>>> print(open('run-v9.txt').read())   # compact mmCIF, C-alpha atoms
# COMPACT_ATOMS: atom_id res chain seq x y z
CA ARG A 268 0.00 0.00 0.00
CA GLN A 269 1.34 3.43 -1.00
CA ARG A 270 0.79 6.53 1.15
CA GLN A 271 1.66 10.10 0.23
CA MET A 272 1.05 13.42 1.96
CA CYS A 273 -1.19 15.82 0.03
CA ILE A 274 -0.13 19.48 0.37
CA ARG A 275 -1.85 22.31 -1.50
CA ASP A 276 -0.77 25.86 -0.76
CA SER A 277 -0.95 29.32 -2.28
CA ILE A 278 0.53 32.70 -1.37
CA ILE A 279 -0.42 35.96 -3.07
CA GLY A 280 1.05 39.41 -2.51
CA ARG A 281 -0.60 42.51 -4.00
CA TYR A 282 0.54 46.11 -4.27
CA SER A 283 -1.56 48.99 -5.63
CA ILE A 284 0.50 51.54 -7.55
CA SER A 285 -2.58 53.73 -7.94
CA ASP A 286 -6.36 53.44 -7.93
CA GLN A 287 -6.17 52.19 -11.54
CA VAL A 288 -3.05 49.98 -11.47
CA ASN A 289 -2.08 47.13 -9.16
CA THR A 290 0.58 44.41 -9.26
CA TYR A 291 0.81 40.97 -7.73
CA VAL A 292 3.18 38.08 -7.10
CA ALA A 293 1.75 34.60 -6.58
CA TRP A 294 3.05 31.17 -5.65
CA SER A 295 0.95 28.02 -5.55
CA ARG A 296 1.38 24.28 -5.33
CA GLY A 297 -1.19 21.70 -6.39
CA TYR A 298 -1.58 17.97 -6.03
CA LYS A 299 -3.09 15.17 -8.09
CA GLY A 300 -3.19 11.82 -6.35
CA PRO A 301 -1.25 8.73 -7.44
CA GLY A 302 -2.78 5.86 -9.34
CA PHE A 303 -2.11 2.70 -11.30
CA ASP A 304 -1.40 1.95 -14.94
CA VAL A 305 -4.59 0.28 -16.15
CA GLY A 306 -3.84 0.85 -19.85
CA ASP A 307 -2.97 -1.74 -22.44
CA GLY A 308 0.64 -1.44 -21.31
CA ALA A 309 -0.24 -3.06 -17.98
CA SER A 310 -0.69 -6.72 -18.79
CA GLY A 311 -3.10 -8.75 -16.74
CA ALA A 312 -0.09 -10.79 -15.69
CA PHE A 313 0.88 -7.97 -13.31
CA THR A 314 -2.09 -8.85 -11.14
CA GLU A 315 -0.40 -12.16 -10.35
CA GLU A 316 2.93 -10.53 -9.41
CA GLU A 317 3.97 -8.98 -6.11
CA GLY A 318 2.95 -5.32 -6.04
CA GLY A 319 0.19 -5.72 -8.62
CA LEU A 320 -0.31 -3.15 -11.38
CA PRO A 321 2.45 -0.56 -12.10
CA TYR A 322 2.24 2.43 -9.76
CA VAL A 323 1.96 6.02 -11.10
CA ASP A 324 3.36 8.70 -8.76
CA ALA A 325 1.37 11.71 -7.58
CA GLU A 326 1.51 14.83 -9.78
CA VAL A 327 2.73 18.03 -8.08
CA PRO A 328 2.67 21.34 -10.02
CA THR A 329 4.39 24.43 -8.58
CA LEU A 330 3.61 27.84 -10.09
CA TRP A 331 5.27 31.27 -9.80
CA GLU A 332 3.47 34.23 -11.37
CA ILE A 333 4.01 37.98 -11.47
CA GLY A 334 1.77 40.48 -13.22
CA PHE A 335 -0.20 43.68 -13.20
CA LYS A 336 -3.73 44.83 -13.93
CA GLY A 337 -4.75 48.34 -14.78
CA TRP A 338 -7.21 50.77 -16.35
CA PHE A 339 -5.97 53.54 -18.65
CA LEU A 340 -7.28 56.25 -21.03
CA GLU A 341 -9.91 57.47 -18.61
CA ASP A 342 -10.94 53.92 -17.72
CA THR A 343 -11.67 52.90 -21.30
CA LEU A 344 -8.68 50.54 -21.68
CA SER A 345 -8.13 47.56 -19.40
CA VAL A 346 -4.79 45.71 -19.59
CA ASN A 347 -3.78 42.54 -17.74
CA THR A 348 -0.36 40.89 -18.07
CA ALA A 349 1.45 38.03 -16.38
CA LEU A 350 4.80 36.25 -16.46
CA PHE A 351 4.78 32.69 -15.16
CA HIS A 352 6.99 29.69 -14.49
CA GLN A 353 5.52 26.30 -13.65
CA SER A 354 7.32 23.09 -12.79
CA THR A 355 5.20 19.93 -12.77
CA GLU A 356 6.77 16.92 -11.09
CA ASP A 357 5.53 13.49 -12.20
CA LEU A 358 3.12 14.77 -14.84
CA GLN A 359 0.51 12.04 -15.25
CA THR A 360 -0.22 11.29 -18.88
CA ILE A 361 -1.12 8.59 -21.38
CA ARG A 362 1.38 7.46 -24.01
CA ALA A 363 0.98 5.28 -27.09
CA LEU A 364 3.00 2.07 -27.27
CA PRO A 365 4.79 0.74 -30.37
CA ASP A 366 2.29 -2.12 -30.61
CA GLY A 367 -0.66 0.31 -30.78
CA GLY A 368 -1.67 0.06 -27.11
CA ILE A 369 -1.52 2.77 -24.42
CA SER A 370 0.17 3.14 -21.05
CA ASN A 371 -0.41 5.44 -18.08
CA LEU A 372 2.80 6.91 -16.68
CA ALA A 373 4.29 9.87 -14.81
CA ILE A 374 6.87 12.05 -16.59
CA GLY A 375 9.58 13.12 -14.14
CA GLU A 376 9.35 16.88 -14.67
CA VAL A 377 7.84 19.22 -17.24
CA VAL A 378 8.65 22.95 -17.11
CA SER A 379 6.40 25.66 -18.57
CA GLU A 380 7.43 29.30 -18.93
CA GLY A 381 5.62 32.09 -20.65
CA PHE A 382 3.84 35.37 -20.87
CA GLU A 383 0.19 36.25 -21.36
CA ALA A 384 -1.64 39.53 -21.82
CA ASP A 385 -5.17 40.62 -22.61
CA PHE A 386 -6.94 43.92 -23.09
CA THR A 387 -10.41 45.40 -23.41
CA TYR A 388 -10.93 48.73 -25.13
CA ILE A 389 -14.21 50.65 -25.01
CA THR A 390 -13.89 52.75 -28.16
CA PRO A 391 -15.23 56.29 -28.66
CA LEU A 392 -17.83 54.81 -31.03
CA GLU A 393 -20.78 53.96 -28.80
CA GLY A 394 -21.44 50.23 -28.71
CA LEU A 395 -18.07 49.16 -30.16
CA THR A 396 -15.72 47.19 -27.90
CA VAL A 397 -12.44 45.59 -28.94
CA THR A 398 -10.78 42.83 -26.92
CA GLY A 399 -7.64 40.82 -27.52
CA SER A 400 -5.18 38.41 -25.97
CA MET A 401 -1.67 37.15 -26.65
CA THR A 402 0.23 34.20 -25.21
CA TYR A 403 3.81 32.96 -25.38
CA LEU A 404 4.33 29.47 -23.98
CA ASP A 405 7.49 27.35 -23.86
CA VAL A 406 6.99 23.83 -22.47
CA VAL A 407 9.88 21.35 -22.29
CA TYR A 408 10.64 17.92 -20.87
CA GLU A 409 13.06 18.60 -18.01
CA GLU A 410 13.24 15.00 -16.80
CA TYR A 411 11.88 11.96 -18.63
CA LEU A 412 13.25 8.70 -17.24
CA GLN A 413 11.31 6.53 -19.69
CA GLN A 414 12.68 8.42 -22.73
CA PRO A 415 15.79 10.37 -21.64
CA GLU A 416 16.53 11.35 -25.24
CA LEU A 417 13.57 13.77 -25.03
CA GLU A 418 14.93 15.73 -22.07
CA GLY A 419 15.28 19.38 -23.11
CA LYS A 420 12.91 18.90 -26.07
CA ASP A 421 9.58 20.71 -26.57
CA PHE A 422 6.38 19.19 -25.24
CA GLU A 423 4.13 18.16 -28.10
CA GLY A 424 0.95 19.84 -29.32
CA ILE A 425 1.58 23.34 -27.91
CA PRO A 426 2.21 26.39 -30.14
CA GLU A 427 4.71 28.92 -28.80
CA TRP A 428 2.72 31.98 -29.86
CA ALA A 429 -1.03 32.57 -30.09
CA TYR A 430 -3.27 35.61 -30.19
CA SER A 431 -6.91 36.53 -30.67
CA LEU A 432 -8.86 39.70 -31.50
CA ILE A 433 -12.59 40.34 -31.11
CA ALA A 434 -14.56 43.38 -32.27
CA ASN A 435 -18.13 43.56 -30.97
CA TYR A 436 -20.67 46.22 -31.90
CA ASP A 437 -23.96 46.44 -29.94
CA TYR A 438 -26.70 48.58 -31.46
CA GLN A 439 -30.34 49.60 -31.20
CA VAL A 440 -32.64 49.86 -34.24
CA GLY A 441 -33.99 53.40 -33.79
CA ASP A 442 -36.72 53.63 -31.16
CA SER A 443 -38.27 50.30 -32.17
CA GLY A 444 -36.84 48.41 -29.21
CA TRP A 445 -35.10 45.90 -31.47
CA ALA A 446 -31.45 45.37 -30.53
CA GLY A 447 -28.59 43.33 -31.87
CA PHE A 448 -24.88 42.88 -32.23
CA VAL A 449 -22.31 42.26 -34.95
CA ARG A 450 -19.10 40.48 -33.98
CA ALA A 451 -15.88 39.46 -35.71
CA GLU A 452 -13.50 37.02 -34.01
CA TYR A 453 -10.02 36.18 -35.26
CA SER A 454 -7.62 33.71 -33.64
CA TRP A 455 -4.14 32.67 -34.73
CA GLN A 456 -1.65 30.11 -33.49
CA ASP A 457 1.98 29.38 -34.28
CA ASP A 458 3.42 26.15 -35.66
CA LYS A 459 3.09 23.13 -33.39
CA ASN A 460 4.19 19.54 -33.51
CA THR A 461 1.79 16.91 -32.23
CA SER A 462 4.23 14.04 -31.74
CA THR A 463 6.73 13.28 -29.00
CA GLY A 464 10.11 13.83 -30.62
CA ALA A 465 8.81 16.38 -33.18
CA THR A 466 8.83 14.33 -36.38
CA GLU A 467 8.35 16.25 -39.62
CA ARG A 468 5.16 14.42 -40.62
CA THR A 469 3.32 15.62 -37.49
CA LEU A 470 4.18 19.32 -37.90
CA ILE A 471 1.12 21.60 -38.14
CA GLU A 472 1.92 24.97 -39.68
CA ASP A 473 0.54 28.21 -38.26
CA TYR A 474 -3.03 29.14 -39.16
CA GLY A 475 -5.70 31.70 -38.34
CA LEU A 476 -9.48 31.39 -38.14
CA LEU A 477 -12.10 34.10 -38.68
CA ASN A 478 -15.62 33.75 -37.24
CA LEU A 479 -18.48 36.19 -37.87
CA ARG A 480 -21.75 36.62 -35.98
CA ALA A 481 -24.79 38.87 -36.16
CA SER A 482 -27.90 38.77 -33.96
CA PHE A 483 -31.28 40.49 -33.52
CA THR A 484 -33.49 40.44 -30.42
CA SER A 485 -37.11 41.59 -30.20
CA PRO A 486 -38.18 44.42 -27.84
CA SER A 487 -39.73 41.88 -25.49
CA GLU A 488 -36.52 39.77 -25.64
CA ILE A 489 -38.73 36.77 -26.42
CA TYR A 490 -37.65 36.28 -30.02
CA SER A 491 -34.14 36.28 -31.45
CA ALA A 492 -32.25 35.31 -34.58
CA THR A 493 -28.53 34.72 -34.94
CA LEU A 494 -26.46 34.24 -38.08
CA ALA A 495 -23.02 32.69 -37.54
CA VAL A 496 -20.25 31.97 -40.05
CA GLU A 497 -17.49 29.77 -38.65
CA ASN A 498 -14.14 29.65 -40.45
CA ALA A 499 -15.33 32.41 -42.77
CA THR A 500 -12.20 32.30 -44.97
CA ASP A 501 -12.59 28.52 -45.42
CA GLU A 502 -9.14 27.78 -43.99
CA ASP A 503 -7.96 24.22 -44.63
CA TYR A 504 -6.07 23.01 -41.56
CA PRO A 505 -5.49 19.95 -39.36
CA TYR A 506 -5.82 20.59 -35.64
CA TRP A 507 -4.09 17.31 -34.74
CA ILE A 508 -1.88 14.76 -36.49
CA GLY A 509 -1.28 11.43 -34.81
CA GLY A 510 -0.04 7.95 -35.46
CA SER A 511 -1.86 5.67 -37.85
CA THR A 512 -3.34 2.30 -36.93
CA PHE A 513 -1.23 0.90 -39.76
CA SER A 514 1.82 1.38 -37.51
CA ALA A 515 0.79 -1.80 -35.69
CA LEU A 516 1.36 -3.60 -39.02
CA GLY A 517 4.84 -2.16 -39.43
CA ASP A 518 3.95 0.90 -41.52
CA ASN A 519 5.55 3.90 -39.80
CA ASP A 520 5.24 6.32 -42.71
CA THR A 521 1.50 6.99 -42.40
CA SER A 522 -0.39 9.26 -40.02
CA SER A 523 -3.94 10.18 -39.08
CA GLN A 524 -5.01 13.80 -39.57
CA TYR A 525 -7.94 15.35 -37.73
CA LEU A 526 -9.17 18.22 -39.90
CA GLY A 527 -10.97 21.34 -38.76
CA LEU A 528 -14.43 22.13 -40.10
CA ASP A 529 -14.82 23.86 -43.46
CA ARG A 530 -16.70 27.14 -43.65
CA THR A 531 -19.95 26.57 -41.75
CA VAL A 532 -23.01 28.82 -41.82
CA ARG A 533 -25.69 28.56 -39.14
CA LEU A 534 -28.96 30.45 -38.78
CA THR A 535 -30.62 30.03 -35.38
CA PHE A 536 -34.05 31.26 -34.29
CA GLY A 537 -34.98 31.43 -30.63
CA ALA A 538 -38.17 31.94 -28.66
CA LYS A 539 -38.87 32.00 -24.93
CA PHE A 540 -42.18 30.69 -23.60
>>> encode(input="run-v9.txt", output="structure tokens")
Amino acid sequence: RQRQMCIRDSIIGRYSISDQVNTYVAWSRGYKGPGFDVGDGASGAFTEEEGGLPYVDAEVPTLWEIGFKGWFLEDTLSVNTALFHQSTEDLQTIRALPDGGISNLAIGEVVSEGFEADFTYITPLEGLTVTGSMTYLDVVYEEYLQQPELEGKDFEGIPEWAYSLIANYDYQVGDSGWAGFVRAEYSWQDDKNTSTGATERTLIEDYGLLNLRASFTSPSEIYSATLAVENATDEDYPYWIGGSTFSALGDNDTSSQYLGLDRTVRLTFGAKF
């Protein structure tokens, strides 16, 4: 029987530079309990051996964060930023096996460092608000006992850079009581590789997606109609590339691609009773 102490803590320090701007420093530690490998990698034969199924250690993430939040331009512009560093000991995950099965395991240590910022701007044009966000994220294998050749390499499936912009315009139709909004949403992400070891065939190049929405609501707010166009530019992109089932037959040159939706148009009518 395995026993481990569970400790979760957090410390936050705040300092107000002015009524509109404040800064903070935060430290926190989490905990995810241990478990057992019940995947295909854990043969039923283990149940007959001393100790039973393979043991997966508890996951312990530790986070440092420093940032500031503030209002500017006569309280029309809100800006939030943060720098962070997170070390996760014994990251619990699932990994594919060469024979096509899966195994539950704990990676010794994964380190994440990055920067994130977001803003909201209430423009001089009544009803128009612009929001945006940007993220830089660097995630690496610091310790990986099962595959030491990956230590120092990038964690798979995570783009380094990403940003999004949203413009939303709320309006009234004269004095009729009808109201609505028009919104444009654009998101972009950097290249990412979806395989452990960053093979060329699993590289997904950067792409951006544009979504458009428009809506009307009746004066009583009982009836509404919304027109939405997802992927308005009809971008052709895979959001994940993984191993093929043919690999179990010895074919390591094929892969499975999971493609994003083509341009999609939806018209939705609503009524409250």
>>> residues_around(input="run-v9.txt", residues="segment 403-413 of chain A", least_positions_apart="3", cutoff="9 Å", atoms="all atoms listed in the file", output="PyMOL selection string")
chain A and resi 354+356+373-383+416-423+425-430
>>> write_last_selection(input="run-v9.txt", atoms="C-alpha atoms", output="mmCIF file, in the coordinates of the input")
data_model
loop_
_atom_site.group_PDB
_atom_site.id
_atom_site.type_symbol
_atom_site.label_atom_id
_atom_site.label_comp_id
_atom_site.auth_asym_id
_atom_site.auth_seq_id
_atom_site.Cartn_x
_atom_site.Cartn_y
_atom_site.Cartn_z
ATOM 1 C CA SER A 354 7.320 23.090 -12.790
ATOM 2 C CA GLU A 356 6.770 16.920 -11.090
ATOM 3 C CA ALA A 373 4.290 9.870 -14.810
ATOM 4 C CA ILE A 374 6.870 12.050 -16.590
ATOM 5 C CA GLY A 375 9.580 13.120 -14.140
ATOM 6 C CA GLU A 376 9.350 16.880 -14.670
ATOM 7 C CA VAL A 377 7.840 19.220 -17.240
ATOM 8 C CA VAL A 378 8.650 22.950 -17.110
ATOM 9 C CA SER A 379 6.400 25.660 -18.570
ATOM 10 C CA GLU A 380 7.430 29.300 -18.930
ATOM 11 C CA GLY A 381 5.620 32.090 -20.650
ATOM 12 C CA PHE A 382 3.840 35.370 -20.870
ATOM 13 C CA GLU A 383 0.190 36.250 -21.360
ATOM 14 C CA GLU A 416 16.530 11.350 -25.240
ATOM 15 C CA LEU A 417 13.570 13.770 -25.030
ATOM 16 C CA GLU A 418 14.930 15.730 -22.070
ATOM 17 C CA GLY A 419 15.280 19.380 -23.110
ATOM 18 C CA LYS A 420 12.910 18.900 -26.070
ATOM 19 C CA ASP A 421 9.580 20.710 -26.570
ATOM 20 C CA PHE A 422 6.380 19.190 -25.240
ATOM 21 C CA GLU A 423 4.130 18.160 -28.100
ATOM 22 C CA ILE A 425 1.580 23.340 -27.910
ATOM 23 C CA PRO A 426 2.210 26.390 -30.140
ATOM 24 C CA GLU A 427 4.710 28.920 -28.800
ATOM 25 C CA TRP A 428 2.720 31.980 -29.860
ATOM 26 C CA ALA A 429 -1.030 32.570 -30.090
ATOM 27 C CA TYR A 430 -3.270 35.610 -30.190
#
>>> atom_distance(input="run-v9.txt", atom1="atom CA of Trp331 of chain A", atom2="atom CA of Ser462 of chain A")
27.9 Å
>>> closest_residue(input="run-v9.txt", among="A:Ser277, A:Ser443, A:Ser487, A:Ser523", to="Phe540 of chain A", atoms="all atoms listed in the file")
A:Ser487
>>> closest_residue(input="run-v9.txt", among="A:Trp294, A:Phe339, A:Phe351, A:Phe448", to="Asp276 of chain A", atoms="only C-alpha atoms")
A:Trp294
>>> residues_around(input="run-v9.txt", residues="Tyr438 of chain A", least_positions_apart="4", cutoff="8 Å", atoms="all atoms listed in the file", output="tab-separated table (two decimals) with C-alpha atoms, in the frame of the given file")
chain	number	residue	atom	x	y	z
A	394	GLY	CA	-21.44	50.23	-28.71
A	446	ALA	CA	-31.45	45.37	-30.53
A	447	GLY	CA	-28.59	43.33	-31.87
A	448	PHE	CA	-24.88	42.88	-32.23
>>> residues_around(input="run-v9.txt", residues="Arg480 of chain A", least_positions_apart="6", cutoff="6 Å", atoms="only C-alpha atoms", output="list in words")
Val449, Arg450, Leu494 and Ala495 of chain A
>>> closest_residue(input="run-v9.txt", among="A:Asp357, A:Asp342, A:Asp286, A:Asp437", to="Thr387 of chain A", atoms="all atoms listed in the file")
A:Asp342
>>> residues_around(input="run-v9.txt", residues="Tyr506 of chain A", least_positions_apart="6", cutoff="12 Å", atoms="all atoms listed in the file", output="list in words")
Gly424, Ile425, Pro426, Gln456, Asp457, Asp458, Lys459, Asn460, Thr461, Thr469, Leu470, Ile471, Glu472, Asp473, Tyr474, Gly475, Leu476, Ser523, Gln524, Tyr525, Leu526, Gly527 and Leu528 of chain A
>>> atom_distance(input="run-v9.txt", atom1="atom CA of Val496 of chain A", atom2="atom CA of Tyr453 of chain A")
12.1 Å
>>> atom_distance(input="run-v9.txt", atom1="atom CA of Tyr388 of chain A", atom2="atom CA of Leu344 of chain A")
4.5 Å
>>> closest_residue(input="run-v9.txt", among="A:Ser370, A:Ser345, A:Ser283, A:Thr355", to="Pro321 of chain A", atoms="only C-alpha atoms")
A:Ser370
